[in-house]
file final_36.txt (compact mmCIF, C-alpha atoms)
# COMPACT_ATOMS: atom_id res chain seq x y z
CA MET A 1 70.85 -82.88 -35.42
CA THR A 2 73.98 -81.04 -36.51
CA GLN A 3 72.25 -79.62 -39.58
CA SER A 4 69.25 -78.11 -37.70
CA SER A 5 71.42 -76.37 -35.13
CA SER A 6 73.57 -74.83 -37.83
CA HIS A 7 70.54 -72.80 -39.20
CA SER A 8 69.07 -71.31 -35.80
CA PRO A 9 71.18 -68.05 -35.46
CA ALA A 10 69.51 -66.45 -38.55
CA PRO A 11 65.99 -65.77 -36.95
CA ARG A 12 67.62 -64.39 -33.85
CA ARG A 13 69.58 -61.92 -35.88
CA ARG A 14 66.35 -60.86 -37.70
CA SER A 15 64.45 -60.23 -34.39
CA ARG A 16 67.29 -58.16 -33.05
CA ALA A 17 67.24 -56.11 -36.23
CA THR A 18 63.45 -55.35 -35.97
CA LEU A 19 63.63 -53.98 -32.39
CA PRO A 20 65.21 -50.65 -33.37
CA VAL A 21 62.69 -50.28 -36.18
CA PHE A 22 59.76 -50.89 -33.79
CA ALA A 23 61.18 -48.45 -31.27
CA ALA A 24 61.60 -45.85 -33.97
CA ILE A 25 57.99 -46.30 -35.08
CA VAL A 26 56.77 -45.87 -31.47
CA MET A 27 58.81 -42.72 -31.04
CA ILE A 28 57.45 -41.33 -34.28
CA LEU A 29 53.86 -42.04 -33.19
CA LEU A 30 54.43 -40.42 -29.81
CA ALA A 31 55.96 -37.42 -31.46
CA ILE A 32 52.96 -37.11 -33.80
CA GLY A 33 50.56 -37.07 -30.80
CA ILE A 34 52.52 -34.98 -28.33
CA ILE A 35 54.08 -32.29 -30.47
CA PRO A 36 50.70 -30.79 -31.63
CA ARG A 37 49.47 -30.72 -28.06
CA ILE A 38 52.57 -28.93 -26.90
CA ALA A 39 52.16 -26.44 -29.70
CA GLN A 40 48.49 -25.94 -28.84
CA ARG A 41 49.30 -25.33 -25.19
CA ARG A 42 51.97 -22.84 -26.12
CA ALA A 43 49.57 -21.05 -28.43
CA LEU A 44 46.89 -20.94 -25.68
CA ALA A 45 49.40 -19.67 -23.16
CA ASP A 46 50.50 -16.98 -25.59
CA GLU A 47 46.86 -16.01 -26.15
CA VAL A 48 46.14 -15.86 -22.42
CA ARG A 49 49.30 -13.82 -21.92
CA ALA A 50 48.27 -11.47 -24.68
CA VAL A 51 44.77 -11.11 -23.22
CA SER A 52 46.20 -10.50 -19.77
CA ASP A 53 48.44 -7.84 -21.16
CA THR A 54 45.50 -6.02 -22.86
CA ALA A 55 42.76 -6.72 -20.23
CA MET A 56 41.35 -3.68 -18.41
CA PRO A 57 41.89 -3.72 -14.63
CA THR A 58 38.48 -3.38 -12.97
CA SER A 59 37.31 -3.56 -9.38
CA VAL A 60 34.81 -6.36 -8.87
CA SER A 61 32.62 -7.68 -6.07
CA THR A 62 30.37 -10.67 -5.51
CA ALA A 63 26.58 -10.62 -5.50
CA VAL A 64 25.50 -12.09 -2.17
CA ARG A 65 22.23 -13.09 -0.56
CA ALA A 66 21.09 -10.59 2.05
CA LYS A 67 21.32 -11.82 5.63
CA SER A 68 17.71 -10.79 6.28
CA SER A 69 14.95 -8.96 4.49
CA PRO A 70 12.78 -7.13 7.02
CA LEU A 71 9.84 -5.33 5.47
CA VAL A 72 9.79 -2.14 7.56
CA LEU A 73 7.76 0.70 6.12
CA PRO A 74 6.85 4.16 7.43
CA GLY A 75 3.31 5.21 8.14
CA THR A 76 1.09 7.63 10.06
CA LEU A 77 -1.34 6.57 12.77
CA GLN A 78 -4.97 7.42 12.15
CA PRO A 79 -8.06 6.74 14.26
CA LEU A 80 -10.31 3.89 13.21
CA HIS A 81 -13.19 6.36 12.77
CA GLU A 82 -13.03 10.13 12.62
CA ALA A 83 -15.79 12.65 11.93
CA VAL A 84 -16.03 16.41 11.67
CA VAL A 85 -19.28 17.57 13.30
CA TYR A 86 -21.12 20.40 11.55
CA ALA A 87 -24.23 22.33 12.50
CA ARG A 88 -27.61 21.34 11.10
CA SER A 89 -29.41 24.37 12.50
CA ALA A 90 -28.76 28.10 11.99
CA GLY A 91 -28.12 30.22 15.05
CA TYR A 92 -25.67 31.11 17.78
CA VAL A 93 -23.85 28.68 20.04
CA ARG A 94 -25.50 28.93 23.42
CA HIS A 95 -23.17 26.57 25.25
CA TRP A 96 -20.59 23.85 24.61
CA TYR A 97 -20.07 20.84 26.88
CA ALA A 98 -16.97 18.98 25.60
CA ASP A 99 -13.48 20.36 25.13
CA ILE A 100 -10.46 18.78 23.42
CA GLY A 101 -9.35 15.53 25.04
CA ALA A 102 -12.79 14.82 26.46
CA ARG A 103 -14.06 11.26 26.00
CA VAL A 104 -17.67 11.25 24.88
CA LYS A 105 -20.33 8.60 24.39
CA ASP A 106 -22.43 7.94 21.32
CA GLY A 107 -25.18 10.61 21.17
CA GLN A 108 -23.73 12.75 23.94
CA VAL A 109 -24.54 16.46 23.60
CA LEU A 110 -21.49 18.48 22.60
CA ALA A 111 -23.11 21.91 22.24
CA THR A 112 -26.48 23.64 22.04
CA ILE A 113 -27.45 26.23 19.44
CA GLU A 114 -29.88 29.07 20.05
CA ALA A 115 -32.10 29.37 16.97
CA PRO A 116 -35.18 31.58 17.75
CA GLU A 117 -36.18 31.67 14.09
CA VAL A 118 -36.58 27.90 14.02
CA ASP A 119 -38.55 27.98 17.28
CA GLN A 120 -40.93 30.56 15.80
CA GLU A 121 -41.30 28.52 12.64
CA VAL A 122 -42.23 25.48 14.71
CA GLN A 123 -44.88 27.49 16.58
CA GLN A 124 -46.25 28.86 13.31
CA ALA A 125 -46.37 25.41 11.75
CA LYS A 126 -48.23 24.00 14.76
CA ALA A 127 -50.79 26.83 14.51
CA GLN A 128 -51.27 26.14 10.81
CA LEU A 129 -51.72 22.46 11.60
CA SER A 130 -54.43 23.30 14.15
CA GLN A 131 -56.16 25.47 11.55
CA ALA A 132 -55.94 22.70 8.96
CA ASN A 133 -57.37 20.17 11.45
CA ALA A 134 -60.30 22.51 12.17
CA SER A 135 -61.01 22.91 8.46
CA LEU A 136 -60.77 19.13 8.07
CA ALA A 137 -63.30 18.59 10.90
CA LEU A 138 -65.74 21.07 9.32
CA ALA A 139 -65.36 19.43 5.90
CA LYS A 140 -65.99 16.02 7.49
CA SER A 141 -69.15 17.27 9.16
CA ASP A 142 -70.45 18.78 5.92
CA LEU A 143 -69.69 15.58 4.01
CA ASP A 144 -71.59 13.45 6.53
CA ARG A 145 -74.59 15.79 6.33
CA TRP A 146 -74.68 15.79 2.54
CA LYS A 147 -74.39 12.01 2.48
CA SER A 148 -77.52 11.82 4.68
CA LEU A 149 -79.38 14.20 2.38
CA ALA A 150 -78.26 12.24 -0.66
CA ARG A 151 -79.89 9.09 0.71
CA ASP A 152 -83.21 10.99 0.77
CA SER A 153 -82.52 12.38 -2.73
CA ALA A 154 -82.58 15.90 -1.29
CA VAL A 155 -79.31 16.85 -3.02
CA SER A 156 -77.80 15.97 -6.36
CA GLN A 157 -74.87 13.65 -6.87
CA GLN A 158 -72.77 16.55 -8.16
CA GLU A 159 -73.24 18.46 -4.91
CA LEU A 160 -72.22 15.36 -2.94
CA ASP A 161 -69.11 14.96 -5.08
CA GLU A 162 -68.16 18.58 -4.43
CA LYS A 163 -68.39 18.07 -0.67
CA THR A 164 -66.32 14.89 -0.96
CA ALA A 165 -63.61 16.72 -2.89
CA ALA A 166 -63.59 19.54 -0.33
CA TYR A 167 -63.09 17.02 2.47
CA GLU A 168 -60.21 15.28 0.64
CA ALA A 169 -58.56 18.66 -0.02
CA SER A 170 -58.80 19.56 3.65
CA ALA A 171 -57.35 16.17 4.62
CA ALA A 172 -54.40 16.71 2.24
CA THR A 173 -53.78 20.19 3.65
CA ALA A 174 -53.80 18.80 7.20
CA ASN A 175 -51.33 16.07 6.24
CA ALA A 176 -49.02 18.64 4.61
CA GLN A 177 -49.11 20.83 7.70
CA ARG A 178 -48.42 17.83 9.93
CA ALA A 179 -45.39 16.91 7.82
CA ASN A 180 -44.17 20.50 8.00
CA VAL A 181 -44.41 20.44 11.79
CA GLN A 182 -42.42 17.19 11.90
CA ARG A 183 -39.74 18.66 9.63
CA LEU A 184 -39.33 21.80 11.66
CA THR A 185 -39.36 19.81 14.91
CA SER A 186 -36.51 17.70 13.54
CA VAL A 187 -34.60 20.84 12.59
CA GLN A 188 -35.27 22.20 16.06
CA GLY A 189 -33.78 18.99 17.47
CA PHE A 190 -30.55 19.81 15.65
CA ASN A 191 -30.11 22.68 18.07
CA LYS A 192 -28.38 19.98 20.13
CA VAL A 193 -25.08 18.98 18.51
CA THR A 194 -24.33 15.36 19.47
CA ALA A 195 -21.39 12.96 19.10
CA PRO A 196 -21.79 10.55 16.15
CA PHE A 197 -20.00 7.75 18.05
CA ALA A 198 -18.05 7.13 21.22
CA GLY A 199 -14.57 8.58 21.10
CA VAL A 200 -12.42 11.52 22.04
CA VAL A 201 -12.85 15.16 21.03
CA THR A 202 -9.69 16.13 19.15
CA ALA A 203 -10.81 19.60 18.03
CA ARG A 204 -13.23 22.28 19.24
CA ASN A 205 -13.61 25.21 16.86
CA VAL A 206 -16.54 27.06 18.45
CA ASP A 207 -17.19 29.14 21.50
CA VAL A 208 -20.23 30.72 23.08
CA GLY A 209 -21.83 33.18 20.67
CA THR A 210 -20.34 31.70 17.49
CA LEU A 211 -22.68 32.08 14.50
CA VAL A 212 -23.22 28.77 12.69
CA SER A 213 -25.37 27.69 9.77
CA PRO A 214 -26.69 24.34 8.48
CA GLY A 215 -24.23 22.18 6.57
CA THR A 216 -21.37 24.67 6.90
CA SER A 217 -18.77 25.44 9.48
CA GLY A 218 -20.04 28.92 10.11
CA ALA A 219 -18.22 32.23 10.08
CA GLY A 220 -16.58 31.70 13.47
CA THR A 221 -15.11 28.21 12.97
CA GLY A 222 -12.56 28.95 10.25
CA GLY A 223 -14.00 26.31 7.91
CA LEU A 224 -13.11 23.42 10.25
CA GLY A 225 -16.53 22.42 11.57
CA LEU A 226 -17.73 22.67 15.16
CA PHE A 227 -15.97 19.60 16.60
CA ARG A 228 -13.83 16.71 15.44
CA VAL A 229 -14.40 13.37 17.16
CA SER A 230 -12.03 10.38 16.81
CA GLN A 231 -12.48 6.77 17.84
CA THR A 232 -9.03 5.76 19.11
CA ASP A 233 -9.63 2.40 20.83
CA THR A 234 -8.25 0.93 17.61
CA MET A 235 -5.78 2.78 15.43
CA ARG A 236 -5.07 2.23 11.77
CA VAL A 237 -1.95 2.90 9.74
CA TYR A 238 -1.65 2.85 5.96
CA VAL A 239 1.60 1.69 4.35
CA ASN A 240 2.62 1.39 0.71
CA VAL A 241 4.18 -2.00 -0.03
CA PRO A 242 6.43 -2.24 -3.13
CA GLN A 243 5.12 -4.30 -6.04
CA SER A 244 7.85 -6.93 -5.64
CA LEU A 245 6.73 -7.66 -2.07
CA ALA A 246 2.98 -7.28 -2.58
CA PRO A 247 2.34 -11.04 -3.10
CA SER A 248 3.65 -11.74 0.42
CA ILE A 249 0.92 -9.62 2.06
CA GLN A 250 -2.10 -11.56 3.32
CA ILE A 251 -5.25 -10.44 5.18
CA GLY A 252 -4.84 -11.23 8.88
CA GLN A 253 -1.05 -11.25 8.64
CA LYS A 254 0.69 -10.13 11.85
CA ALA A 255 2.51 -6.82 12.01
CA SER A 256 4.48 -4.84 14.57
CA VAL A 257 4.23 -1.09 15.05
CA SER A 258 6.91 0.92 16.81
CA LEU A 259 7.56 4.58 17.58
CA ALA A 260 10.94 6.24 17.90
CA GLU A 261 10.00 7.76 21.27
CA GLN A 262 8.83 4.37 22.58
CA HIS A 263 11.61 2.19 21.19
CA ASN A 264 11.21 -0.36 24.01
CA HIS A 265 7.51 -0.89 23.32
CA VAL A 266 6.30 -2.73 20.23
CA PHE A 267 2.58 -2.73 19.48
CA SER A 268 1.00 -5.76 17.87
CA GLY A 269 -1.29 -5.37 14.89
CA LYS A 270 -2.55 -7.20 11.86
CA VAL A 271 -3.30 -6.52 8.22
CA ALA A 272 -6.99 -5.62 8.07
CA ARG A 273 -7.36 -5.06 4.35
CA THR A 274 -5.51 -4.13 1.18
CA ALA A 275 -6.44 -2.08 -1.85
CA ALA A 276 -6.20 -5.25 -3.98
CA ALA A 277 -4.67 -3.09 -6.72
CA LEU A 278 -1.38 -1.31 -7.32
CA ASP A 279 -1.09 2.43 -7.57
CA PRO A 280 0.05 2.95 -11.19
CA GLY A 281 2.04 6.02 -10.18
CA THR A 282 4.14 4.43 -7.43
CA ARG A 283 3.70 0.69 -8.21
CA THR A 284 2.83 0.07 -4.58
CA LEU A 285 0.02 -1.75 -2.77
CA LEU A 286 -1.90 0.24 -0.14
CA VAL A 287 -2.17 -1.87 3.03
CA GLU A 288 -4.14 -1.05 6.19
CA VAL A 289 -2.79 -2.33 9.50
CA ASP A 290 -5.04 -2.13 12.59
CA VAL A 291 -3.46 -1.78 16.04
CA ALA A 292 -5.24 -2.17 19.38
CA ASN A 293 -4.97 0.98 21.53
CA THR A 294 -6.81 0.05 24.70
CA ASP A 295 -4.49 2.12 26.90
CA HIS A 296 -4.73 5.10 24.49
CA SER A 297 -0.95 5.48 24.44
CA LEU A 298 -0.91 5.74 20.65
CA LEU A 299 -1.70 9.24 19.46
CA SER A 300 -3.37 10.04 16.18
CA GLY A 301 -1.00 11.57 13.64
CA SER A 302 2.13 9.89 15.06
CA PHE A 303 4.86 8.76 12.67
CA VAL A 304 5.50 5.01 13.08
CA GLN A 305 7.48 2.17 11.59
CA VAL A 306 5.48 -0.89 10.55
CA ASP A 307 7.27 -4.25 10.41
CA LEU A 308 5.29 -6.72 8.33
CA ALA A 309 6.11 -10.34 9.15
CA THR A 310 7.37 -11.94 5.93
CA GLY A 311 9.21 -14.94 7.36
CA GLY A 312 8.52 -17.15 4.34
CA MET A 313 10.27 -14.82 1.91
CA LEU A 314 13.68 -15.60 0.44
CA ALA A 315 16.12 -12.79 1.09
CA PRO A 316 17.01 -10.99 -2.15
CA VAL A 317 20.42 -10.76 -3.82
CA VAL A 318 22.25 -7.50 -3.16
CA VAL A 319 25.09 -5.83 -5.01
CA PRO A 320 27.02 -2.61 -4.31
CA ALA A 321 25.15 0.44 -5.51
CA ASN A 322 28.13 1.52 -7.66
CA ALA A 323 27.73 -1.63 -9.77
CA LEU A 324 24.62 -0.24 -11.48
CA LEU A 325 24.73 1.26 -14.95
CA PHE A 326 21.99 3.51 -16.33
CA ASN A 327 21.93 3.79 -20.10
CA ALA A 328 19.63 3.45 -23.08
CA GLY A 329 19.32 -0.28 -22.38
CA GLY A 330 17.88 0.41 -18.93
CA THR A 331 19.41 -0.46 -15.58
CA GLN A 332 22.28 -2.91 -16.14
CA VAL A 333 25.12 -4.65 -14.33
CA ILE A 334 28.37 -5.95 -15.86
CA VAL A 335 28.86 -9.58 -14.85
CA ILE A 336 32.34 -11.14 -15.17
CA ASP A 337 32.33 -14.82 -16.12
CA ASP A 338 34.85 -17.53 -15.19
CA HIS A 339 37.09 -16.54 -18.10
CA ASN A 340 37.21 -12.88 -16.95
CA VAL A 341 35.02 -11.75 -19.84
CA ALA A 342 32.47 -8.94 -19.32
CA HIS A 343 28.76 -9.44 -20.07
CA TYR A 344 26.02 -6.84 -19.72
CA HIS A 345 22.94 -8.02 -17.74
CA LYS A 346 19.72 -6.05 -17.54
CA VAL A 347 18.44 -6.09 -13.93
CA ALA A 348 15.32 -5.25 -11.93
CA VAL A 349 16.17 -3.20 -8.85
CA GLY A 350 14.35 -3.51 -5.52
CA ARG A 351 14.96 -1.50 -2.38
CA ASP A 352 17.88 0.89 -2.13
CA TYR A 353 19.89 0.63 1.09
CA GLY A 354 22.38 3.33 0.14
CA ALA A 355 25.62 1.36 -0.13
CA THR A 356 23.85 -1.67 -1.59
CA VAL A 357 20.70 -2.30 -3.63
CA GLU A 358 18.43 -5.29 -4.04
CA ILE A 359 18.50 -7.09 -7.38
CA LEU A 360 15.20 -8.81 -8.07
CA SER A 361 16.24 -10.39 -11.36
CA GLY A 362 19.16 -10.45 -13.75
CA VAL A 363 22.00 -11.42 -11.39
CA ASP A 364 22.39 -14.70 -9.51
CA GLU A 365 23.88 -15.19 -6.10
CA GLY A 366 27.68 -15.56 -6.29
CA ALA A 367 28.03 -13.70 -9.58
CA THR A 368 31.04 -11.39 -9.99
CA VAL A 369 30.02 -7.83 -10.88
CA ALA A 370 32.14 -4.87 -11.98
CA LEU A 371 32.28 -1.79 -9.74
CA ASN A 372 32.34 1.71 -11.16
CA PRO A 373 32.63 0.23 -14.67
CA SER A 374 34.29 2.35 -17.32
CA ASP A 375 32.44 3.38 -20.47
CA ASP A 376 35.23 1.70 -22.44
CA ILE A 377 34.11 -1.78 -21.32
CA ARG A 378 32.07 -3.49 -24.00
CA ASP A 379 30.23 -6.77 -23.92
CA GLY A 380 32.81 -9.53 -24.47
CA HIS A 381 35.83 -7.48 -23.38
CA ALA A 382 38.49 -9.13 -21.22
CA ILE A 383 38.69 -7.90 -17.64
CA LYS A 384 41.49 -8.07 -15.13
CA PRO A 385 39.45 -8.31 -11.89
CA VAL A 386 40.57 -6.57 -8.71
CA LYS A 387 38.58 -8.14 -5.86
CA VAL A 388 36.66 -5.91 -3.43
CA PRO A 389 34.93 -7.50 -0.38
CA ALA A 390 31.17 -7.92 -0.77
CA ARG A 391 28.68 -6.29 1.60
CA SER A 392 25.37 -7.95 2.43

call {"tool": "encode", "arguments": {"input": "final_36.txt", "output": "structure tokens"}}
result
Amino acid sequence: MTQSSSHSPAPRRRSRATLPVFAAIVMILLAIGIIPRIAQRRALADEVRAVSDTAMPTSVSTAVRAKSSPLVLPGTLQPLHEAVVYARSAGYVRHWYADIGARVKDGQVLATIEAPEVDQEVQQAKAQLSQANASLALAKSDLDRWKSLARDSAVSQQELDEKTAAYEASAATANAQRANVQRLTSVQGFNKVTAPFAGVVTARNVDVGTLVSPGTSGAGTGGLGLFRVSQTDTMRVYVNVPQSLAPSIQIGQKASVSLAEQHNHVFSGKVARTAAALDPGTRTLLVEVDVANTDHSLLSGSFVQVDLATGGMLAPVVVPANALLFNAGGTQVIVIDDHNVAHYHKVAVGRDYGATVEILSGVDEGATVALNPSDDIRDGHAIKPVKVPARS
């Protein structure tokens, strides 16, 4: 018992001696892991400080989604149908029956033309037709007589054939004269100038005594025709829709038409048809909108604003107009990333609202863009952003 207890203090002294060694090892390991991190952080801070010191101060704004995207386009009202009425008979205007603003029916007489030459030609043609009918009757009588003689072998077959040919020639002459009478009678009927459809007379370019000629306006009408008739129960307006918005246009789509002088009255219409092709010069789609005009309050030629309902469209991203750059690379915008580094983005521009412009592609909502960027900014340069409020 006494011997075993005399040897126990030695292990305790050894354990106490190893504690400082273990602590030293732990401290060394911690130092190995922490010191490089501290050095790395200091180096990064120095780098950031250096970049901040050399970064170019630049005004920036945020690309935002527009609050709304109304598709309002200008246009001019036109009648559904419009025709310039010309003369089909040569002569002088004897009388006119419809002045500007008059509502006329289909086929209503607008004016009468005095054409004595045509009247005389009709009388002459009728006389020639009577003469041709008389010759035809005589040829028929001769042919019947020679047929009777031929049955008794009193005449030769050649003589009968000659009489038959004479009758057929007379019949052809009579038919030609009859057709001539019908033609001249039709021309004589054109002495009455009629309305091609129901509508309103919007122009009268003739007066009593005006000389007119077929197919032309005549010397007294100034090259404008005799009358102009417009069908205004339904009006049409043509608008040019930009290419970016063309897919949203559908036949039958509702539209609203408004006039500046009637700002409290909005007329309902619909898309009647489209050109189904883009104009290569303007990159726009021609769209026809028809508007009911039962009260005739819409006047042809009026300037209007057409609002095409495009409720299903996502409003585009807009940026300040002074964020755009125009260079050899096209239209571009400088986008600032989260590390305040500049990057050039090529963009497609939509409508221009003056202070802001639509960006169809190239910039996402929420992106930070440089305003009035300097030519010294290159792709990858550090930027010191100066925030400017965004406008939608």

call {"tool": "atom_distance", "arguments": {"input": "final_36.txt", "atom1": "CA of Phe227 (chain A)", "atom2": "CA of Arg88 (chain A)"}}
result
13.0 Å

call {"tool": "atom_distance", "arguments": {"input": "final_36.txt", "atom1": "CA of Gln123 (chain A)", "atom2": "CA of Leu184 (chain A)"}}
result
9.3 Å

call {"tool": "closest_residue", "arguments": {"input": "final_36.txt", "among": "A:Thr185, A:Ser153, A:Val363, A:Arg378", "to": "Arg65 (chain A)", "atoms": "all atoms listed in the file"}}
result
A:Val363

call {"tool": "residues_near_point", "arguments": {"input": "final_36.txt", "point": "(-21.6, 21.9, 16.0)", "cutoff": "12 Å", "atoms": "all atoms listed in the file", "output": "PyMOL selection string"}}
result
chain A and resi 83-98+109-114+190-196+203-208+210-218+220-221+223-229

call {"tool": "residues_near_point", "arguments": {"input": "final_36.txt", "point": "(-66.3, 21.8, 8.3)", "cutoff": "12 Å", "atoms": "all atoms listed in the file", "output": "VMD selection string"}}
result
chain A and resid 131 to 146 163 to 164 166 to 171

call {"tool": "residues_around", "arguments": {"input": "final_36.txt", "residues": "region 316-330 of chain A", "least_positions_apart": "6", "cutoff": "6 Å", "atoms": "only C-alpha atoms", "output": "compact mmCIF listing (two decimals) with C-alpha atoms, in the coordinates of the input"}}
result
# COMPACT_ATOMS: atom_id res chain seq x y z
CA ALA A 63 26.58 -10.62 -5.50
CA VAL A 64 25.50 -12.09 -2.17
CA ARG A 65 22.23 -13.09 -0.56
CA ALA A 66 21.09 -10.59 2.05
CA ALA A 355 25.62 1.36 -0.13
CA THR A 356 23.85 -1.67 -1.59
CA VAL A 357 20.70 -2.30 -3.63
CA GLU A 358 18.43 -5.29 -4.04
CA ILE A 359 18.50 -7.09 -7.38
CA ALA A 370 32.14 -4.87 -11.98
CA LEU A 371 32.28 -1.79 -9.74
CA ASN A 372 32.34 1.71 -11.16

call {"tool": "closest_residue", "arguments": {"input": "final_36.txt", "among": "A:Val155, A:Leu360, A:Val289, A:Val333", "to": "Thr234 (chain A)", "atoms": "all atoms listed in the file"}}
result
A:Val289

call {"tool": "closest_residue", "arguments": {"input": "final_36.txt", "among": "A:Lys270, A:Arg151, A:Lys387, A:Lys254", "to": "Ser61 (chain A)", "atoms": "only C-alpha atoms"}}
result
A:Lys387

call {"tool": "residues_around", "arguments": {"input": "final_36.txt", "residues": "Val257 (chain A)", "least_positions_apart": "2", "cutoff": "6 Å", "atoms": "only C-alpha atoms", "output": "count of residues only"}}
result
4

call {"tool": "closest_residue", "arguments": {"input": "final_36.txt", "among": "A:Pro242, A:Thr173, A:Glu162, A:Val60", "to": "Asp352 (chain A)", "atoms": "all atoms listed in the file"}}
result
A:Pro242

call {"tool": "residues_around", "arguments": {"input": "final_36.txt", "residues": "Lys346 (chain A)", "least_positions_apart": "4", "cutoff": "6 Å", "atoms": "all atoms listed in the file", "output": "PyMOL selection string"}}
result
chain A and resi 331-332+362

call {"tool": "atom_distance", "arguments": {"input": "final_36.txt", "atom1": "CA of Ala165 (chain A)", "atom2": "CA of Gln128 (chain A)"}}
result
20.7 Å

call {"tool": "closest_residue", "arguments": {"input": "final_36.txt", "among": "A:Thr202, A:Ser361, A:Gln253, A:Thr76", "to": "Thr232 (chain A)", "atoms": "only C-alpha atoms"}}
result
A:Thr202

call {"tool": "residues_around", "arguments": {"input": "final_36.txt", "residues": "Val291 (chain A)", "least_positions_apart": "5", "cutoff": "10 Å", "atoms": "all atoms listed in the file", "output": "list in words"}}
result
Leu77, Pro79, Leu80, Thr232, Asp233, Thr234, Met235, Arg236, Val237, Ala255, Ser256, Val257, Phe267, Ser268, Gly269, Lys270, Val271, Ala272 and Leu298 of chain A

call {"tool": "write_last_selection", "arguments": {"input": "final_36.txt", "atoms": "C-alpha atoms", "output": "PDB file, in the frame of the given file"}}
result
ATOM      1  CA  LEU A  77      -1.340   6.570  12.770  1.00  0.00           C
ATOM      2  CA  PRO A  79      -8.060   6.740  14.260  1.00  0.00           C
ATOM      3  CA  LEU A  80     -10.310   3.890  13.210  1.00  0.00           C
ATOM      4  CA  THR A 232      -9.030   5.760  19.110  1.00  0.00           C
ATOM      5  CA  ASP A 233      -9.630   2.400  20.830  1.00  0.00           C
ATOM      6  CA  THR A 234      -8.250   0.930  17.610  1.00  0.00           C
ATOM      7  CA  MET A 235      -5.780   2.780  15.430  1.00  0.00           C
ATOM      8  CA  ARG A 236      -5.070   2.230  11.770  1.00  0.00           C
ATOM      9  CA  VAL A 237      -1.950   2.900   9.740  1.00  0.00           C
ATOM     10  CA  ALA A 255       2.510  -6.820  12.010  1.00  0.00           C
ATOM     11  CA  SER A 256       4.480  -4.840  14.570  1.00  0.00           C
ATOM     12  CA  VAL A 257       4.230  -1.090  15.050  1.00  0.00           C
ATOM     13  CA  PHE A 267       2.580  -2.730  19.480  1.00  0.00           C
ATOM     14  CA  SER A 268       1.000  -5.760  17.870  1.00  0.00           C
ATOM     15  CA  GLY A 269      -1.290  -5.370  14.890  1.00  0.00           C
ATOM     16  CA  LYS A 270      -2.550  -7.200  11.860  1.00  0.00           C
ATOM     17  CA  VAL A 271      -3.300  -6.520   8.220  1.00  0.00           C
ATOM     18  CA  ALA A 272      -6.990  -5.620   8.070  1.00  0.00           C
ATOM     19  CA  LEU A 298      -0.910   5.740  20.650  1.00  0.00           C
TER      20      LEU A 298
END

call {"tool": "decode", "arguments": {"input": "final_36.txt", "residues": "region 135-147 of chain A", "atoms": "N, CA and C atoms", "output": "PDB file, in the first residue's frame"}}
result
ATOM      1  N   SER A 135     -84.696  46.293-145.394  1.00  0.00           N
ATOM      2  CA  SER A 135     -83.869  45.480-146.289  1.00  0.00           C
ATOM      3  C   SER A 135     -83.929  44.009-145.882  1.00  0.00           C
ATOM      4  N   LEU A 136     -83.964  43.753-144.573  1.00  0.00           N
ATOM      5  CA  LEU A 136     -84.047  42.386-144.093  1.00  0.00           C
ATOM      6  C   LEU A 136     -85.385  41.741-144.500  1.00  0.00           C
ATOM      7  N   ALA A 137     -86.473  42.520-144.409  1.00  0.00           N
ATOM      8  CA  ALA A 137     -87.790  41.986-144.804  1.00  0.00           C
ATOM      9  C   ALA A 137     -87.821  41.654-146.296  1.00  0.00           C
ATOM     10  N   LEU A 138     -87.249  42.543-147.130  1.00  0.00           N
ATOM     11  CA  LEU A 138     -87.203  42.288-148.567  1.00  0.00           C
ATOM     12  C   LEU A 138     -86.360  41.050-148.879  1.00  0.00           C
ATOM     13  N   ALA A 139     -85.211  40.927-148.204  1.00  0.00           N
ATOM     14  CA  ALA A 139     -84.351  39.762-148.432  1.00  0.00           C
ATOM     15  C   ALA A 139     -85.065  38.477-147.994  1.00  0.00           C
ATOM     16  N   LYS A 140     -85.848  38.548-146.930  1.00  0.00           N
ATOM     17  CA  LYS A 140     -86.593  37.372-146.472  1.00  0.00           C
ATOM     18  C   LYS A 140     -87.655  36.964-147.492  1.00  0.00           C
ATOM     19  N   SER A 141     -88.307  37.969-148.037  1.00  0.00           N
ATOM     20  CA  SER A 141     -89.342  37.673-149.049  1.00  0.00           C
ATOM     21  C   SER A 141     -88.716  37.045-150.297  1.00  0.00           C
ATOM     22  N   ASP A 142     -87.607  37.594-150.748  1.00  0.00           N
ATOM     23  CA  ASP A 142     -86.933  37.028-151.920  1.00  0.00           C
ATOM     24  C   ASP A 142     -86.476  35.603-151.646  1.00  0.00           C
ATOM     25  N   LEU A 143     -85.954  35.354-150.463  1.00  0.00           N
ATOM     26  CA  LEU A 143     -85.459  34.019-150.136  1.00  0.00           C
ATOM     27  C   LEU A 143     -86.605  33.001-150.123  1.00  0.00           C
ATOM     28  N   ASP A 144     -87.748  33.398-149.601  1.00  0.00           N
ATOM     29  CA  ASP A 144     -88.892  32.479-149.569  1.00  0.00           C
ATOM     30  C   ASP A 144     -89.360  32.163-150.999  1.00  0.00           C
ATOM     31  N   ARG A 145     -89.355  33.200-151.853  1.00  0.00           N
ATOM     32  CA  ARG A 145     -89.780  32.982-153.239  1.00  0.00           C
ATOM     33  C   ARG A 145     -88.814  32.062-153.978  1.00  0.00           C
ATOM     34  N   TRP A 146     -87.542  32.251-153.810  1.00  0.00           N
ATOM     35  CA  TRP A 146     -86.571  31.424-154.509  1.00  0.00           C
ATOM     36  C   TRP A 146     -86.551  29.994-153.953  1.00  0.00           C
ATOM     37  N   LYS A 147     -86.886  29.842-152.697  1.00  0.00           N
ATOM     38  CA  LYS A 147     -87.008  28.480-152.171  1.00  0.00           C
ATOM     39  C   LYS A 147     -88.175  27.746-152.832  1.00  0.00           C
TER      40      LYS A 147
END
